[in-house]
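To start, the structure itself, in structure tokens.
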Amino acid sequence: MKLTLRRRQIFWAYLFLSVSLVFFVAIRWYPTLLAFNISFRDWNVFEGAGDWVGAANYADIWEDFQKPRSSIRSAFWNTGRYVLLGVPLQLVLALSVALLLDRVRLWAGFFRAAYFVPFVTSAVAVAFVWNWLYAPQVGLLNQMLKLLGLPMQTFLRDPDLALPAITVVAVWRSVGFAIIIFLAGLQQIPDIYYEAAQIDGANSWQRFWRITLPLLNPVIVYLAVLQTIDFLRMFDLVLNMTNGGPLNSTTTVVLEVYNEGFSSYNMGYAAALTVILFGVILLITVLQLRVLSRRVEY
Amino acid sequence: MRHKTRYILSSLLVLLALLLSACAPAAAPAAPAPAAEATAEEAPVEATAEAAAEAAAEATEAAAAEGDVVEIEYWQYSFDARIEAMNQLIAQFEAENPTIKVIHNSDVPYDDFINKIAASVPAGVGPDVVSLFYGWQPAWIDAGYLTPLSEEVFPPDTVRSTFSPMVEASFFDGKLYTLPTAVRTLALMYNKDLMAAAGLDPENPPRTLDELKDQAVKCTVKNGDEFEVYGLIVNPEGQAHHWFREVLLRQFGQQPYSDDNTQVLWNASEGGYEAWETFLSFERELGTGVAGTFENDQDGFLAGDVCFHIDGSFRLGNIASNAPDLNFGVVELPEHNGIKSTFGSYWTHGITSKAAADPARLAAAEKFLQFITTPAAGTLWVGITGELPAQLEAASDPALLSDPKLGAFAAGLAYAQSTFFVDESKDRQAILDAYDAVVLTDADPRAELDIAVGTVQDLLDEFWSSRQ
């Protein structure tokens, strides 16, 4: 059986693709599917694969959700608060900085790098540095408040302030990434549109609302989806800054997964939590894509 | 020719399926157990055991020539001082027992230790004698990793009378499962310079709870709302939760758990609530410090900003290396109502199901365990690791008791209590949450203690019901 040139090309293409496909299936998808399986089992690190217990782990989560001072309930609400607070803040800040950086010609590379550096810094290092900045009394921020004659704050020890304080750090850490994406998006917009608008007498505010923002829509959707997923998976900063406290005011779903799985060894329970989180992320992402996406053509 | 593409695609899929089925559902993922302070310890390492090791090597060679050497494996997680101490003990043991060879595996890092045990012991490989944190015992016993110690070789009555009472935690369902070489206790550290600056006598640190309150208040220096010196910081995230459970509660006449460890009794009497109020009073009424001021519990004391600090013997090495000039002393935890108590914890050694499967190995493992839990072994251990001997005979050594730093910790061995934890981090979290609720949101202390008791009771109920 002789293959035509085209068929041979296709054959080889699939062969090469299969290498990475095998990797993804074996390393990413298979364990993911396994998590679904574990979530229906009484699976403990010491005893390995346990009995099939149906939805018992999910029932346990629901029961814990209703307990007084439930860390699970806080985790779900907090995760929502991180998203609602963090994502808009991130997008507005990143777009503002990107618009400014887009005009900077002198030292442009330096400024872009400066905003990007936190993104490549280890979350643990970031957490420790910010812990010191936020430290009660001795921390830099409190010393500044003192200089300004304002009352000192306990930040991470204050159940009302701790979550916004961590959100600020998360935004600070990843805003550089969003800026770079926005810059790329801005440079995609052809200058002709602006020139045409200018000739028609549009002021800069109108040009921003009528040209820049609509044409950035795909970028905004992309970033909104990505950042939402990021905030839904909030973990490393929280673990290292407050470990979920005070009074569960900063804990997140992923942190609860970690604690249940890797400190209490209840793999089944932890897997059930991840499955719920998976469902939430899937739902929100689909909704976002539906609501935010619209094609803009000029 | 379209079916050919399909043919290619489907053969690729079959290939994939084959690859996948090859990596069949392998056993457990696993995890590190943050046993509070375990990773934070440090201790000075001194002597080496080259001479002893050589002697042992010669002896083993001689025995090998005879041809019936039993090999057993001993595992502990990687921690320099303990590795050194164990190397010396093994060398001595092999010199005395030429027919037994002990392979010492200390390459596994702390974070991986439980993983490796979970993967190896059920497979019948790995350690014959293993080191573990006492709090892990219930889970390990349930999983069938450990075998009960023979009552002939380790008579329970002798163990009870010769070891520190905290070793009671190694009895499970009436059977002894493990024995430690060394243990740790809590004591009160005090900064002599800060005491002197506050007009207190550094040679007369607090001996009673009332004196502690009094001196902590006197030692506290505030500038407006800002602390310059903290008298005492009660930080439930550090060691303070142990102080509440095993010390304050008992001093106010309330034992923390029922004798069979099925009931949480923190709020079972008015005394329990009084202990709780006392625990809260340092931050709320006395104003000697604010929990969470420092990143780690001990940071303030090491920096010389905190007057009194409750901590474990394992912290001494940490202070020696990070704050060598700190002018401090150590005294037993203050007593109250004539009751002395402290919290004790320990790394202990058990014999695994692997050793139990072979009589010759089991006999060798028992001999080895006996050897490394003698008073002499404890004395060797304390010199290298700074951990206290588990045997009362070695712990009451006058030289140890008069040691200006270790003495107070050693004195606590006679009355130290270790807690039966089914999940130490959740138990601690319950106390921490109750503390925060009162201190940060002004919630009712009694109601908060009740909630914490409910939370921990649920943990115990779940644990015991899963064992039936």
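Note on naming: chains are A, B, ... as they come in the structure tokens, residues start from 1 per chain, ligands start from 1 in the order shown.
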
What are the nearest atom pairs, with distances in Å to one decimal, for all residues of chain A that come at most 8 Å from chain B, using only C-alpha atoms, set out by chain and rising residue number as a Markdown table?
```
| residue | atom | partner | partner_atom | distance |
| --- | --- | --- | --- | --- |
| A:Arg7 | CA | B:Thr5 | CA | 7.7 |
| A:Phe11 | CA | B:Ile8 | CA | 7.1 |
| A:Tyr14 | CA | B:Leu9 | CA | 7.9 |
| A:Leu15 | CA | B:Leu12 | CA | 7.9 |
| A:Ser18 | CA | B:Leu12 | CA | 7.6 |
| A:Val22 | CA | B:Leu16 | CA | 6.6 |
| A:Ala26 | CA | B:Leu20 | CA | 6.7 |
| A:Val45 | CA | B:Ala30 | CA | 5.3 |
| A:Phe46 | CA | B:Ala118 | CA | 5.7 |
| A:Glu47 | CA | B:Ala143 | CA | 5.9 |
| A:Gly48 | CA | B:Ala28 | CA | 4.7 |
| A:Ala49 | CA | B:Ala28 | CA | 6.8 |
| A:Pro68 | CA | B:Ile451 | CA | 7.5 |
| A:Asn131 | CA | B:Glu295 | CA | 7.6 |
| A:Ala135 | CA | B:Thr293 | CA | 6.9 |
| A:Pro136 | CA | B:Thr293 | CA | 5.9 |
| A:Gln137 | CA | B:Glu226 | CA | 6.7 |
| A:Arg157 | CA | B:Gly292 | CA | 6.9 |
| A:Asp158 | CA | B:Leu440 | CA | 7.1 |
| A:Pro159 | CA | B:Leu440 | CA | 7.6 |
| A:Pro246 | CA | B:Asp436 | CA | 6.6 |
| A:Leu247 | CA | B:Asp433 | CA | 5.3 |
| A:Asn248 | CA | B:Asp433 | CA | 8.0 |
| A:Gly261 | CA | B:Ala31 | CA | 7.6 |
| A:Phe262 | CA | B:Ala31 | CA | 4.8 |
| A:Ser263 | CA | B:Ala33 | CA | 5.3 |
| A:Ser264 | CA | B:Asp423 | CA | 6.5 |
| A:Tyr265 | CA | B:Ala31 | CA | 7.2 |
```

Extract, using only C-alpha atoms, all DNA, RNA and protein residues at most 8 Å from segment 161-170 of chain A, discarding same-chain residues fewer than 4 positions from it, and format them as a ChimeraX atom specification. /A:78,82,85-86,130,155-157,174,237-238,241,246,249-250

Using the selection just defined, write its residues with N, CA and C atoms as a tab-separated table (two decimals), in the first residue's frame.
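again_19.tsv, freshly written:
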```
chain	number	residue	atom	x	y	z
A	78	ASN	N	-14.39	33.15	50.41
A	78	ASN	CA	-13.16	33.92	50.22
A	78	ASN	C	-12.67	33.83	48.78
A	82	TYR	N	-11.77	36.92	46.46
A	82	TYR	CA	-10.49	37.15	45.78
A	82	TYR	C	-10.72	37.48	44.30
A	85	LEU	N	-12.55	40.93	43.80
A	85	LEU	CA	-11.69	42.05	44.16
A	85	LEU	C	-10.48	42.11	43.23
A	86	GLY	N	-9.88	40.95	43.00
A	86	GLY	CA	-8.59	40.90	42.32
A	86	GLY	C	-8.67	41.12	40.82
A	130	TRP	N	6.49	40.64	51.77
A	130	TRP	CA	5.27	41.38	52.10
A	130	TRP	C	4.83	41.16	53.54
A	155	PHE	N	-3.11	44.68	59.66
A	155	PHE	CA	-3.17	44.05	58.33
A	155	PHE	C	-3.49	42.56	58.37
A	156	LEU	N	-2.45	41.70	58.32
A	156	LEU	CA	-2.68	40.27	58.17
A	156	LEU	C	-3.28	39.63	59.42
A	157	ARG	N	-3.29	40.34	60.53
A	157	ARG	CA	-3.92	39.79	61.73
A	157	ARG	C	-5.33	40.34	61.90
A	174	SER	N	1.25	39.74	39.75
A	174	SER	CA	0.99	39.26	38.39
A	174	SER	C	0.56	40.36	37.42
A	237	LEU	N	0.49	32.24	47.99
A	237	LEU	CA	0.62	33.45	48.81
A	237	LEU	C	-0.09	33.28	50.15
A	238	VAL	N	-1.30	32.71	50.08
A	238	VAL	CA	-2.09	32.56	51.31
A	238	VAL	C	-1.38	31.62	52.27
A	241	MET	N	1.56	33.54	53.72
A	241	MET	CA	1.34	34.80	54.43
A	241	MET	C	0.48	34.63	55.68
A	246	PRO	N	-6.45	35.19	59.79
A	246	PRO	CA	-7.06	34.85	61.07
A	246	PRO	C	-8.54	34.49	60.91
A	249	SER	N	-10.25	33.89	57.55
A	249	SER	CA	-10.68	35.01	56.71
A	249	SER	C	-9.92	35.08	55.39
A	250	THR	N	-8.86	34.31	55.23
A	250	THR	CA	-8.12	34.35	53.96
A	250	THR	C	-8.00	32.99	53.30
```

Applying 12 Å and only C-alpha atoms, which residues near Ser258 of chain B remain after dropping the ones on its own chain fewer than 2 positions away? List them as an MDAnalysis selection string. chainID B and resid 254:256 260:266 268 419:420 457 460

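Compared by their closest atoms to Ile83 of chain B, and using only C-alpha atoms, the residues B:Ala240, B:Val108, B:Ala357, B:Leu188 rank with B:Val108 nearest.
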
Just want the 6 Å neighbourhood of segment 164-173 of chain B, counted on only C-alpha atoms, with same-chain residues fewer than 4 positions away dropped. Output as a PyMOL selection string. chain B and resi 177-178+390+392+413-414+416-418

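Those residues that approach Leu249 of chain B to within 10 Å, counting only C-alpha atoms, are Trp243, Phe244, Arg245, Glu246, Val247, Gln251, Phe252, Gly253, Gln254, Gln255, Pro256, Leu265, Trp266, Asn267, Ser269, Gly271, Gly272, Tyr273, Glu274, Ala275, Trp276, Thr278, Phe279 and Ser341 of chain B; same-chain residues fewer than 2 positions away are not listed.
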
C-alpha atoms of the current selection, written as a CSV table (one decimal), in the first residue's frame:
```
chain,number,residue,atom,x,y,z
B,243,TRP,CA,0.7,25.1,77.3
B,244,PHE,CA,-3.0,25.5,77.5
B,245,ARG,CA,-3.9,21.8,76.9
B,246,GLU,CA,-1.4,20.0,79.0
B,247,VAL,CA,-0.3,22.6,81.6
B,251,GLN,CA,-3.2,23.3,86.9
B,252,PHE,CA,-6.9,24.5,87.1
B,253,GLY,CA,-7.9,21.0,88.0
B,254,GLN,CA,-9.2,19.8,84.5
B,255,GLN,CA,-7.6,17.0,82.6
B,256,PRO,CA,-7.6,17.8,78.9
B,265,LEU,CA,-12.8,17.8,78.4
B,266,TRP,CA,-11.5,21.3,78.1
B,267,ASN,CA,-14.8,22.8,79.1
B,269,SER,CA,-15.6,22.1,84.5
B,271,GLY,CA,-11.6,25.1,86.0
B,272,GLY,CA,-11.4,24.5,82.3
B,273,TYR,CA,-12.9,27.9,81.6
B,274,GLU,CA,-10.6,29.5,84.1
B,275,ALA,CA,-7.6,28.0,82.4
B,276,TRP,CA,-8.9,29.4,79.1
B,278,THR,CA,-5.9,32.8,82.0
B,279,PHE,CA,-4.5,31.8,78.6
B,341,SER,CA,3.1,20.1,84.3
```
